[in-house]
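Data block for target01.txt (compact mmCIF, C-alpha atoms and all ligand atoms):
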```txt
# COMPACT_ATOMS: atom_id res chain seq x y z
CA MET A 1 -89.48 -247.59 153.49
CA LYS A 2 -88.17 -248.28 156.98
CA THR A 3 -90.27 -249.14 160.04
CA ILE A 4 -89.10 -248.59 163.60
CA THR A 5 -91.18 -249.78 166.54
CA ILE A 6 -90.92 -247.48 169.52
CA HIS A 7 -90.94 -249.48 172.72
CA THR A 8 -92.65 -247.20 175.20
CA GLY A 9 -95.49 -248.31 177.55
CA GLU A 10 -97.68 -248.72 174.48
CA SER A 11 -95.57 -249.53 171.41
CA TYR A 12 -96.15 -247.73 168.13
CA ARG A 13 -94.58 -247.63 164.70
CA VAL A 14 -92.66 -244.86 162.99
CA LEU A 15 -92.62 -245.24 159.21
CA VAL A 16 -89.90 -243.44 157.26
CA GLY A 17 -90.33 -243.31 153.50
CA HIS A 18 -91.76 -241.63 150.42
CA ASN A 19 -95.37 -240.76 149.63
CA LEU A 20 -96.65 -241.75 153.06
CA ILE A 21 -99.27 -238.98 152.88
CA GLY A 22 -100.68 -240.88 149.87
CA SER A 23 -101.27 -243.96 152.03
CA CYS A 24 -102.06 -242.30 155.37
CA GLY A 25 -105.80 -243.08 155.10
CA GLN A 26 -105.27 -246.86 155.06
CA LEU A 27 -102.50 -246.65 157.68
CA VAL A 28 -104.68 -244.63 160.07
CA LYS A 29 -107.68 -246.84 159.39
CA THR A 30 -105.82 -250.02 160.39
CA LEU A 31 -104.70 -248.70 163.77
CA PHE A 32 -107.71 -246.67 164.80
CA PRO A 33 -111.13 -248.18 165.55
CA GLY A 34 -113.05 -244.89 165.25
CA ASN A 35 -113.89 -243.05 162.08
CA ARG A 36 -113.51 -239.34 162.83
CA VAL A 37 -110.21 -237.49 162.40
CA LEU A 38 -109.32 -233.84 163.03
CA LEU A 39 -106.27 -232.84 161.01
CA ILE A 40 -104.31 -230.11 162.77
CA THR A 41 -101.90 -228.23 160.56
CA ASP A 42 -100.38 -224.78 160.18
CA SER A 43 -100.64 -221.95 157.69
CA ASN A 44 -97.37 -223.00 155.95
CA VAL A 45 -97.87 -226.74 155.71
CA GLY A 46 -101.66 -226.78 155.29
CA PRO A 47 -101.74 -225.17 151.83
CA LEU A 48 -99.16 -227.71 150.61
CA TYR A 49 -100.46 -231.00 152.01
CA ALA A 50 -103.80 -230.69 153.86
CA GLU A 51 -106.15 -231.25 150.90
CA ARG A 52 -104.25 -234.36 149.78
CA THR A 53 -104.16 -235.71 153.32
CA LEU A 54 -107.87 -235.10 153.85
CA SER A 55 -108.74 -236.76 150.57
CA THR A 56 -106.70 -239.92 151.34
CA LEU A 57 -108.30 -240.08 154.79
CA ARG A 58 -111.77 -239.75 153.25
CA SER A 59 -110.98 -242.32 150.56
CA ALA A 60 -110.26 -244.77 153.38
CA GLY A 61 -113.77 -244.17 154.74
CA LEU A 62 -112.80 -241.75 157.51
CA THR A 63 -114.61 -238.51 158.28
CA ALA A 64 -111.96 -235.80 158.28
CA GLN A 65 -111.73 -232.03 158.53
CA ALA A 66 -108.81 -229.65 159.03
CA TYR A 67 -108.08 -227.14 161.78
CA PRO A 68 -105.42 -224.60 160.79
CA VAL A 69 -103.20 -222.86 163.35
CA PRO A 70 -100.81 -219.98 162.62
CA ALA A 71 -97.32 -221.06 161.55
CA GLY A 72 -94.55 -220.47 164.08
CA GLU A 73 -93.68 -220.98 167.73
CA GLY A 74 -96.54 -218.65 168.80
CA ALA A 75 -99.03 -221.45 168.08
CA LYS A 76 -97.57 -223.50 170.94
CA SER A 77 -99.61 -221.52 173.43
CA LEU A 78 -102.40 -222.08 175.93
CA SER A 79 -104.63 -219.68 173.97
CA VAL A 80 -104.26 -221.66 170.71
CA ALA A 81 -104.82 -224.87 172.70
CA GLU A 82 -107.97 -223.34 174.19
CA GLY A 83 -109.21 -222.43 170.71
CA LEU A 84 -108.74 -226.06 169.73
CA TYR A 85 -110.58 -227.39 172.81
CA THR A 86 -113.49 -225.08 172.02
CA PHE A 87 -113.57 -226.24 168.39
CA LEU A 88 -113.49 -229.89 169.48
CA ILE A 89 -116.37 -229.36 171.92
CA GLU A 90 -118.46 -227.31 169.49
CA HIS A 91 -118.02 -229.93 166.76
CA GLY A 92 -118.84 -232.84 169.03
CA TYR A 93 -115.45 -234.59 169.08
CA THR A 94 -115.36 -237.36 171.65
CA ARG A 95 -112.73 -239.61 173.21
CA GLY A 96 -113.19 -242.10 170.39
CA ASP A 97 -111.87 -239.66 167.78
CA LEU A 98 -108.33 -239.07 166.55
CA LEU A 99 -106.24 -235.91 166.31
CA LEU A 100 -103.75 -236.05 163.46
CA ALA A 101 -100.84 -233.59 163.42
CA LEU A 102 -99.60 -232.56 159.97
CA GLY A 103 -96.55 -230.36 160.32
CA GLY A 104 -93.30 -229.73 162.14
CA GLY A 105 -92.34 -229.61 165.80
CA VAL A 106 -94.78 -226.87 166.79
CA VAL A 107 -97.84 -228.62 165.34
CA THR A 108 -96.66 -231.96 166.76
CA ASP A 109 -96.15 -230.61 170.29
CA LEU A 110 -99.42 -228.65 170.27
CA THR A 111 -101.49 -231.53 168.88
CA GLY A 112 -99.97 -233.96 171.38
CA PHE A 113 -100.68 -231.58 174.24
CA VAL A 114 -104.30 -231.03 173.21
CA ALA A 115 -104.77 -234.78 172.63
CA ALA A 116 -103.35 -235.56 176.08
CA THR A 117 -105.63 -233.09 177.84
CA TYR A 118 -108.89 -232.91 175.86
CA GLN A 119 -111.46 -234.91 177.82
CA ARG A 120 -108.51 -236.38 179.78
CA GLY A 121 -106.94 -237.87 176.69
CA VAL A 122 -107.74 -238.79 173.11
CA ALA A 123 -105.65 -240.67 170.55
CA PHE A 124 -103.29 -238.82 168.25
CA ALA A 125 -100.96 -239.61 165.38
CA GLY A 126 -98.49 -237.52 163.44
CA ILE A 127 -97.38 -236.84 159.89
CA ALA A 128 -94.03 -235.13 160.47
CA THR A 129 -93.15 -232.75 157.64
CA SER A 130 -89.96 -231.13 158.95
CA LEU A 131 -86.62 -232.79 159.52
CA LEU A 132 -86.70 -231.65 163.15
CA ALA A 133 -90.10 -233.24 163.74
CA GLN A 134 -89.09 -236.45 161.95
CA VAL A 135 -85.92 -237.02 163.96
CA ASP A 136 -87.06 -235.65 167.31
CA ALA A 137 -90.38 -233.98 168.12
CA SER A 138 -92.71 -236.62 166.65
CA VAL A 139 -91.10 -239.52 168.53
CA GLY A 140 -91.10 -240.16 172.27
CA GLY A 141 -94.32 -238.52 173.42
CA LYS A 142 -93.10 -235.21 174.82
CA THR A 143 -95.93 -232.73 174.35
CA ALA A 144 -95.94 -229.12 175.49
CA VAL A 145 -96.93 -225.51 175.06
CA ASN A 146 -94.87 -222.45 175.97
CA ILE A 147 -95.78 -219.84 178.57
CA PRO A 148 -94.22 -216.37 178.89
CA ALA A 149 -91.81 -217.70 181.55
CA GLY A 150 -90.27 -220.16 179.10
CA LYS A 151 -90.41 -222.83 176.47
CA ASN A 152 -92.12 -226.19 176.99
CA LEU A 153 -92.87 -225.40 180.63
CA VAL A 154 -96.40 -226.83 180.45
CA GLY A 155 -96.88 -230.30 179.03
CA CYS A 156 -97.01 -234.02 179.62
CA PHE A 157 -95.98 -237.35 178.13
CA TRP A 158 -98.52 -238.73 175.68
CA GLN A 159 -97.42 -241.19 173.04
CA PRO A 160 -98.83 -241.10 169.50
CA LYS A 161 -100.45 -244.16 167.92
CA LEU A 162 -98.44 -243.85 164.69
CA VAL A 163 -95.86 -241.50 163.18
CA LEU A 164 -95.32 -241.05 159.45
CA CYS A 165 -92.09 -239.37 158.32
CA ASP A 166 -92.86 -238.57 154.69
CA LEU A 167 -89.48 -237.78 153.13
CA ASP A 168 -91.13 -236.06 150.15
CA THR A 169 -92.17 -233.23 152.45
CA LEU A 170 -88.50 -232.39 153.08
CA SER A 171 -88.25 -231.12 149.50
CA THR A 172 -90.54 -228.16 150.31
CA LEU A 173 -88.71 -227.31 153.52
CA PRO A 174 -86.97 -223.90 153.54
CA GLU A 175 -83.18 -224.37 153.65
CA ARG A 176 -82.93 -222.78 157.09
CA GLU A 177 -85.43 -225.29 158.50
CA PHE A 178 -83.55 -228.20 156.96
CA SER A 179 -80.34 -226.93 158.60
CA GLY A 180 -82.13 -226.60 161.93
CA GLY A 181 -83.14 -230.27 161.68
CA MET A 182 -79.54 -231.19 160.89
CA ALA A 183 -78.52 -229.73 164.27
CA GLU A 184 -80.61 -232.45 165.95
CA VAL A 185 -79.23 -235.11 163.58
CA ILE A 186 -75.67 -234.03 164.46
CA LYS A 187 -76.67 -234.12 168.13
CA TYR A 188 -77.57 -237.83 167.85
CA GLY A 189 -74.21 -238.47 166.23
CA ALA A 190 -72.39 -236.55 168.96
CA ILE A 191 -74.12 -238.33 171.85
CA GLN A 192 -74.75 -241.83 170.50
CA SER A 193 -73.15 -242.66 167.16
CA GLU A 194 -69.70 -241.78 165.92
CA GLU A 195 -70.72 -243.37 162.59
CA LEU A 196 -73.69 -241.00 162.14
CA PHE A 197 -71.53 -238.06 163.17
CA GLN A 198 -68.88 -238.93 160.59
CA ARG A 199 -71.56 -239.32 157.96
CA CYS A 200 -72.89 -235.83 158.75
CA ALA A 201 -69.36 -234.43 158.75
CA ALA A 202 -68.80 -235.92 155.29
CA GLY A 203 -72.06 -234.32 154.07
CA VAL A 204 -75.56 -235.78 153.73
CA GLY A 205 -78.02 -234.85 151.00
CA PRO A 206 -81.60 -235.60 149.94
CA GLY A 207 -80.74 -239.16 148.79
CA ASP A 208 -79.48 -240.08 152.27
CA MET A 209 -82.51 -239.01 154.24
CA GLU A 210 -84.27 -242.38 154.59
CA GLU A 211 -81.20 -243.82 156.28
CA VAL A 212 -80.38 -240.67 158.25
CA VAL A 213 -83.92 -240.14 159.59
CA SER A 214 -84.40 -243.81 160.46
CA ALA A 215 -80.98 -243.93 162.16
CA CYS A 216 -82.01 -240.99 164.36
CA VAL A 217 -85.38 -242.57 165.20
CA GLU A 218 -83.58 -245.83 166.13
CA LEU A 219 -81.17 -243.90 168.35
CA LYS A 220 -84.01 -242.03 170.03
CA ASN A 221 -85.85 -245.33 170.54
CA GLN A 222 -82.82 -246.75 172.39
CA VAL A 223 -83.16 -243.92 174.89
CA VAL A 224 -86.93 -243.47 175.26
CA SER A 225 -87.51 -247.22 175.54
CA VAL A 226 -85.48 -247.29 178.76
CA ASP A 227 -86.57 -243.91 180.13
CA GLU A 228 -89.93 -242.88 178.69
CA ARG A 229 -90.63 -240.32 181.43
CA ASP A 230 -87.26 -238.54 181.29
CA MET A 231 -86.17 -239.58 184.78
CA GLY A 232 -82.53 -240.30 183.89
CA ALA A 233 -81.10 -241.76 180.70
CA ARG A 234 -83.30 -239.66 178.37
CA ALA A 235 -81.55 -236.52 179.56
CA VAL A 236 -78.69 -237.15 177.11
CA LEU A 237 -81.05 -236.10 174.30
CA ASN A 238 -80.79 -232.61 175.74
CA PHE A 239 -77.18 -232.10 174.64
CA GLY A 240 -76.90 -228.37 173.85
CA HIS A 241 -80.52 -227.78 174.88
CA THR A 242 -80.02 -226.24 178.33
CA LEU A 243 -77.90 -223.41 176.91
CA GLY A 244 -79.83 -223.55 173.63
CA HIS A 245 -83.14 -222.79 175.33
CA GLY A 246 -81.50 -219.78 177.00
CA ILE A 247 -80.27 -218.54 173.62
CA GLU A 248 -83.66 -219.16 172.02
CA LYS A 249 -85.36 -217.17 174.78
CA LEU A 250 -82.88 -214.27 174.49
CA GLY A 251 -83.72 -214.16 170.78
CA GLY A 252 -87.40 -213.82 171.63
CA PHE A 253 -88.08 -217.28 170.13
CA SER A 254 -87.82 -215.71 166.69
CA LEU A 255 -84.23 -214.59 166.00
CA HIS A 256 -82.73 -218.07 166.29
CA SER A 257 -84.56 -221.27 165.40
CA HIS A 258 -84.56 -224.17 167.87
CA GLY A 259 -81.95 -226.02 165.81
CA GLU A 260 -79.72 -222.96 165.52
CA SER A 261 -79.94 -222.39 169.28
CA VAL A 262 -79.11 -226.04 169.98
CA ALA A 263 -76.13 -225.81 167.60
CA MET A 264 -74.74 -222.85 169.57
CA GLY A 265 -75.59 -224.55 172.87
CA MET A 266 -73.71 -227.74 171.88
CA VAL A 267 -70.60 -225.73 170.98
CA LEU A 268 -70.73 -223.71 174.23
CA ALA A 269 -71.15 -226.89 176.32
CA SER A 270 -68.47 -228.83 174.47
CA ASP A 271 -66.01 -225.95 174.77
CA ALA A 272 -66.63 -225.56 178.51
CA PHE A 273 -66.30 -229.28 179.23
CA GLU A 274 -63.25 -229.60 177.02
CA ARG A 275 -61.57 -227.05 179.28
CA THR A 276 -62.53 -229.01 182.40
CA GLY A 277 -61.21 -232.24 180.84
CA ASP A 278 -64.65 -233.90 180.76
CA THR A 279 -64.69 -233.76 176.94
CA ALA A 280 -61.85 -235.02 174.74
CA SER A 281 -59.69 -232.33 173.27
CA GLY A 282 -60.58 -231.52 169.65
CA THR A 283 -64.28 -232.40 170.07
CA THR A 284 -65.45 -228.79 169.84
CA ALA A 285 -63.49 -228.23 166.63
CA ARG A 286 -65.12 -231.32 165.10
CA LEU A 287 -68.55 -230.12 166.18
CA VAL A 288 -67.97 -226.63 164.79
CA ALA A 289 -66.78 -228.04 161.44
CA CYS A 290 -69.76 -230.39 161.17
CA LEU A 291 -72.39 -227.79 162.15
CA SER A 292 -70.85 -225.17 159.85
CA ARG A 293 -71.18 -227.53 156.91
CA TYR A 294 -74.97 -227.08 157.19
CA GLY A 295 -74.79 -223.31 157.66
CA LEU A 296 -75.54 -223.58 161.39
CA PRO A 297 -74.28 -220.85 163.73
CA THR A 298 -71.57 -221.88 166.18
CA GLN A 299 -70.92 -218.58 168.00
CA CYS A 300 -73.39 -217.43 170.64
CA PRO A 301 -74.18 -213.72 170.11
CA TYR A 302 -75.09 -213.08 173.79
CA PRO A 303 -72.88 -212.59 176.86
CA ILE A 304 -72.64 -215.95 178.58
CA HIS A 305 -73.91 -214.59 181.91
CA GLU A 306 -77.19 -213.62 180.20
CA VAL A 307 -77.54 -217.12 178.71
CA LEU A 308 -76.76 -218.71 182.09
CA GLN A 309 -79.30 -216.46 183.78
CA GLU A 310 -81.99 -217.83 181.44
CA CYS A 311 -80.74 -221.39 181.99
CA THR A 312 -81.35 -221.21 185.71
CA LYS A 313 -85.08 -220.93 184.92
CA ASP A 314 -84.95 -224.05 182.74
CA LYS A 315 -86.83 -227.16 183.81
CA LYS A 316 -83.53 -229.07 183.66
CA ARG A 317 -82.63 -227.26 186.87
CA THR A 318 -82.39 -229.66 189.82
CA GLY A 319 -82.42 -227.80 193.14
CA ASP A 320 -79.34 -225.58 193.14
CA SER A 321 -77.73 -227.27 190.14
CA LEU A 322 -78.16 -227.47 186.39
CA ASN A 323 -77.96 -230.82 184.64
CA PHE A 324 -75.63 -230.56 181.63
CA VAL A 325 -75.04 -233.20 178.99
CA VAL A 326 -71.35 -233.88 178.49
CA VAL A 327 -69.90 -235.64 175.45
CA PRO A 328 -66.73 -237.38 176.72
CA LYS A 329 -65.94 -238.25 173.10
CA ILE A 330 -68.02 -238.15 169.93
CA GLY A 331 -70.62 -240.93 170.06
CA THR A 332 -70.91 -241.04 173.86
CA ALA A 333 -72.71 -238.94 176.47
CA LYS A 334 -73.21 -238.60 180.20
CA THR A 335 -74.79 -235.99 182.43
CA LYS A 336 -73.11 -233.76 184.96
CA LEU A 337 -74.76 -231.66 187.65
CA VAL A 338 -73.12 -228.24 187.88
CA PRO A 339 -73.95 -226.13 190.94
CA ILE A 340 -75.52 -222.82 189.88
CA ASP A 341 -72.86 -221.01 191.97
CA ALA A 342 -70.11 -222.63 189.90
CA LEU A 343 -71.61 -221.91 186.46
CA ASN A 344 -69.58 -218.78 185.79
CA ALA A 345 -66.33 -220.60 186.51
CA TYR A 346 -67.23 -223.34 184.00
CA PHE A 347 -67.95 -220.83 181.29
CA ARG A 348 -65.31 -218.27 182.28
CA LYS A 349 -63.57 -218.15 178.88
CA GLU A 350 -66.69 -216.78 177.17
CA GLN A 351 -67.17 -214.33 180.01
CA ALA A 352 -63.76 -212.67 179.51
N1 LIG A 401 -86.32 -233.80 172.58
C1 LIG A 401 -85.75 -234.50 173.65
C2 LIG A 401 -86.59 -235.64 174.12
O1 LIG A 401 -87.51 -236.05 173.43
O2 LIG A 401 -86.35 -236.14 175.19
```
I'd like the structure from this file rewritten - as structure tokens, please.
Ligand code: GLY
Amino acid sequence: MKTITIHTGESYRVLVGHNLIGSCGQLVKTLFPGNRVLLITDSNVGPLYAERTLSTLRSAGLTAQAYPVPAGEGAKSLSVAEGLYTFLIEHGYTRGDLLLALGGGVVTDLTGFVAATYQRGVAFAGIATSLLAQVDASVGGKTAVNIPAGKNLVGCFWQPKLVLCDLDTLSTLPEREFSGGMAEVIKYGAIQSEELFQRCAAGVGPGDMEEVVSACVELKNQVVSVDERDMGARAVLNFGHTLGHGIEKLGGFSLHSHGESVAMGMVLASDAFERTGDTASGTTARLVACLSRYGLPTQCPYPIHEVLQECTKDKKRTGDSLNFVVVPKIGTAKTKLVPIDALNAYFRKEQA
């Protein structure tokens, strides 16, 4: 098992290893002075792991019950959050209680958002069961719900007390979800670690996941520990995300997963900045080869002007410009403000 301490305002540990669900009761008990836990999970993950999680929590002397939400992006909504607030009120949950997310990115973001806002803030912790949640969503305290105007437009920063990345849960992950998580892993390699990128390009499998997941959490820690509130340095984690969110939106948040959209967004961005000379020649080809190895899409199916149109509504817009992450060479990243008026020129090849 590996332990990474995340150095945000209030530090917390991320544990990466096997059978962490089996010991979550004791782990939660040692960090949390209260004794009441609401386990928030979804209709895919709950049937697999909720009973076992509840029983280990109860064996540790905690009072625990589960609250299921529907699986899928639709659960990251104000109406599902409102349902949760109502449940919490009706069942007498107070600020001394703990919300525990059991699931992937959607459950993590929703639970964090409800924890941050219920009675002006209660503690939460996470058991991340998808690769995407383990390497990204569960770490760093970004919580959010979607609104019809876009993804993650309503949210706040609220750090968890503990994150458990139980590698055993990856074995029940559908292949497409595993690939989606690999897009974020490859992103860390592209922006921060040539070594991780090369490892992904050579092919990683189930036996590598403890090292791969903990490497990603370490890399994310390097960024969030210097810029918890996303005021500067943290922006590099958004490589491929500005265009990716546009693609995700055009697909109605259902045709393309988040990871697939980010994969296409990284290729679009790399290709554009290779043509301007900001990105080393050959980088896009390396990205495409690496992403393809995990069955990830590398060709955006939408006209670029439609993607750009969606991007201008993104929260990464700054005044009349969009903030893009540029990878000068694999393992490094910087940001570049591109005026909205100049966007078409940057992406002209795809427009032809
Ligand atoms: N997912 C990007 C971040 O946490 O900043």
May I have a table of the residues of chain A lying at most 8 Å from ligand LIG 401 (chain A), giving each one's closest pair of atoms and their distance in Å to one decimal, counting only C-alpha atoms and all ligand atoms, ordered by chain and ascending residue number, as CSV?
```
residue,atom,partner,partner_atom,distance
A:Asp136,CA,A:LIG401,N1,5.6
A:Ala137,CA,A:LIG401,N1,6.0
A:Val139,CA,A:LIG401,O1,7.0
A:Gly140,CA,A:LIG401,O1,5.6
A:Gly141,CA,A:LIG401,O1,7.2
A:Lys142,CA,A:LIG401,O1,5.8
A:Lys220,CA,A:LIG401,O1,7.7
A:Val224,CA,A:LIG401,O2,7.4
A:Asp230,CA,A:LIG401,O2,6.6
A:Arg234,CA,A:LIG401,O2,5.6
A:Ala235,CA,A:LIG401,O2,6.5
A:Val236,CA,A:LIG401,O2,8.0
A:Leu237,CA,A:LIG401,C1,5.0
A:Asn238,CA,A:LIG401,C1,5.7
```
Please compute the atom CA of Gly259 of chain A-atom CA of Val122 of chain A distance, one decimal, in Å.
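For atom CA of Gly259 of chain A relative to atom CA of Val122 of chain A, the distance reads 29.7 Å.
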For Val107 of chain A, work out the shell of residues within 12 Å, counting only C-alpha atoms and skipping chain neighbours fewer than 5 positions away, then give it as a PDB file with C-alpha atoms, keeping the file's coordinate frame.
```pdb
ATOM      1  CA  LEU A  39    -106.270-232.840 161.010  1.00  0.00           C
ATOM      2  CA  ILE A  40    -104.310-230.110 162.770  1.00  0.00           C
ATOM      3  CA  THR A  41    -101.900-228.230 160.560  1.00  0.00           C
ATOM      4  CA  ASP A  42    -100.380-224.780 160.180  1.00  0.00           C
ATOM      5  CA  SER A  43    -100.640-221.950 157.690  1.00  0.00           C
ATOM      6  CA  ASN A  44     -97.370-223.000 155.950  1.00  0.00           C
ATOM      7  CA  VAL A  45     -97.870-226.740 155.710  1.00  0.00           C
ATOM      8  CA  GLY A  46    -101.660-226.780 155.290  1.00  0.00           C
ATOM      9  CA  TYR A  67    -108.080-227.140 161.780  1.00  0.00           C
ATOM     10  CA  PRO A  68    -105.420-224.600 160.790  1.00  0.00           C
ATOM     11  CA  VAL A  69    -103.200-222.860 163.350  1.00  0.00           C
ATOM     12  CA  PRO A  70    -100.810-219.980 162.620  1.00  0.00           C
ATOM     13  CA  ALA A  71     -97.320-221.060 161.550  1.00  0.00           C
ATOM     14  CA  GLY A  72     -94.550-220.470 164.080  1.00  0.00           C
ATOM     15  CA  GLU A  73     -93.680-220.980 167.730  1.00  0.00           C
ATOM     16  CA  GLY A  74     -96.540-218.650 168.800  1.00  0.00           C
ATOM     17  CA  ALA A  75     -99.030-221.450 168.080  1.00  0.00           C
ATOM     18  CA  LYS A  76     -97.570-223.500 170.940  1.00  0.00           C
ATOM     19  CA  SER A  77     -99.610-221.520 173.430  1.00  0.00           C
ATOM     20  CA  VAL A  80    -104.260-221.660 170.710  1.00  0.00           C
ATOM     21  CA  ALA A  81    -104.820-224.870 172.700  1.00  0.00           C
ATOM     22  CA  LEU A  99    -106.240-235.910 166.310  1.00  0.00           C
ATOM     23  CA  LEU A 100    -103.750-236.050 163.460  1.00  0.00           C
ATOM     24  CA  ALA A 101    -100.840-233.590 163.420  1.00  0.00           C
ATOM     25  CA  LEU A 102     -99.600-232.560 159.970  1.00  0.00           C
ATOM     26  CA  GLY A 112     -99.970-233.960 171.380  1.00  0.00           C
ATOM     27  CA  PHE A 113    -100.680-231.580 174.240  1.00  0.00           C
ATOM     28  CA  VAL A 114    -104.300-231.030 173.210  1.00  0.00           C
ATOM     29  CA  ALA A 115    -104.770-234.780 172.630  1.00  0.00           C
ATOM     30  CA  PHE A 124    -103.290-238.820 168.250  1.00  0.00           C
ATOM     31  CA  ALA A 125    -100.960-239.610 165.380  1.00  0.00           C
ATOM     32  CA  GLY A 126     -98.490-237.520 163.440  1.00  0.00           C
ATOM     33  CA  ILE A 127     -97.380-236.840 159.890  1.00  0.00           C
ATOM     34  CA  ALA A 128     -94.030-235.130 160.470  1.00  0.00           C
ATOM     35  CA  THR A 129     -93.150-232.750 157.640  1.00  0.00           C
ATOM     36  CA  SER A 130     -89.960-231.130 158.950  1.00  0.00           C
ATOM     37  CA  LEU A 132     -86.700-231.650 163.150  1.00  0.00           C
ATOM     38  CA  ALA A 133     -90.100-233.240 163.740  1.00  0.00           C
ATOM     39  CA  ALA A 137     -90.380-233.980 168.120  1.00  0.00           C
ATOM     40  CA  SER A 138     -92.710-236.620 166.650  1.00  0.00           C
ATOM     41  CA  THR A 143     -95.930-232.730 174.350  1.00  0.00           C
ATOM     42  CA  ALA A 144     -95.940-229.120 175.490  1.00  0.00           C
ATOM     43  CA  VAL A 145     -96.930-225.510 175.060  1.00  0.00           C
TER      44      VAL A 145
END
```
Identify, on the basis of all atoms listed in the file, every residue whose closest approach to His91 of chain A does not exceed 12 Å; exclude the query and any residue fewer than 6 positions from it along the same chain; express the result as a PyMOL selection string.
chain A and resi 36-38+64-65+67+84-85+97
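Compared by their closest atoms to Thr3 of chain A, and using all atoms listed in the file, the residues A:Glu274, A:Glu306, A:Glu82, A:Glu210 rank with A:Glu210 nearest.
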What lies within 8 Å of Leu322 of chain A using all atoms listed in the file, ignoring chain neighbours under 5 positions off, as number ranges by chain?
A: 311-312, 316-317, 337-340
Report, in Å to a single decimal, how far apart atom CA of Val135 of chain A and atom CA of Cys216 of chain A are.
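Taking atom CA of Cys216 of chain A and atom CA of Val135 of chain A, their separation equals 5.6 Å.
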Can you measure atom CA of Gly155 of chain A to atom CA of Thr117 of chain A for me? One decimal in Å is fine.
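Atom CA of Thr117 of chain A lies 9.3 Å from atom CA of Gly155 of chain A.
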Segment 192-207 of chain A environment, 10 Å, all atoms listed in the file, sequence neighbours closer than 6 positions dropped, as number ranges by chain
A: 167-168, 170-171, 182-183, 185-186, 215-216, 219-220, 222-223, 236-237, 286-294, 327, 329-333
Please determine, counting all atoms listed in the file, which residue among A:Leu110, A:Met209, A:Leu62, A:Ile247 has the shortest atom-to-atom distance to Asn35 of chain A.
A:Leu62
Skip Met1 of chain A itself and residues of its chain fewer than 5 positions away, then list as a list in words all residues within 7 Å of it, counting only C-alpha atoms.
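The filter keeps Leu15, Val16 and Gly17 of chain A.
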Just to be explicit: take each residue in the selection above, keep C-alpha atoms, and write the result as a compact mmCIF listing (two decimals), in the frame of the given file.
```
# COMPACT_ATOMS: atom_id res chain seq x y z
CA LEU A 15 -92.62 -245.24 159.21
CA VAL A 16 -89.90 -243.44 157.26
CA GLY A 17 -90.33 -243.31 153.50
```
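Minimum atom-to-atom distance to Ile304 of chain A, evaluated using only C-alpha atoms, belongs to A:Asn344 out of A:Asn146, A:Asn344, A:Ser257, A:Gln26.
Residue nearest Thr94 of chain A, chosen from A:Thr169, A:Ser79, A:Gln119, A:Thr8 and counting only C-alpha atoms: A:Gln119.
For the residues A:Asn19, A:Asn152, A:Thr53, A:Thr284, ranking by smallest atom-to-atom distance to Gln299 of chain A using all atoms listed in the file places A:Thr284 first.
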Which residue, A:Pro160, A:Gly61, A:Gly240, A:Pro303, has the smallest gap to Val14 of chain A when you use only C-alpha atoms?
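Closest to Val14 of chain A, using only C-alpha atoms: A:Pro160.
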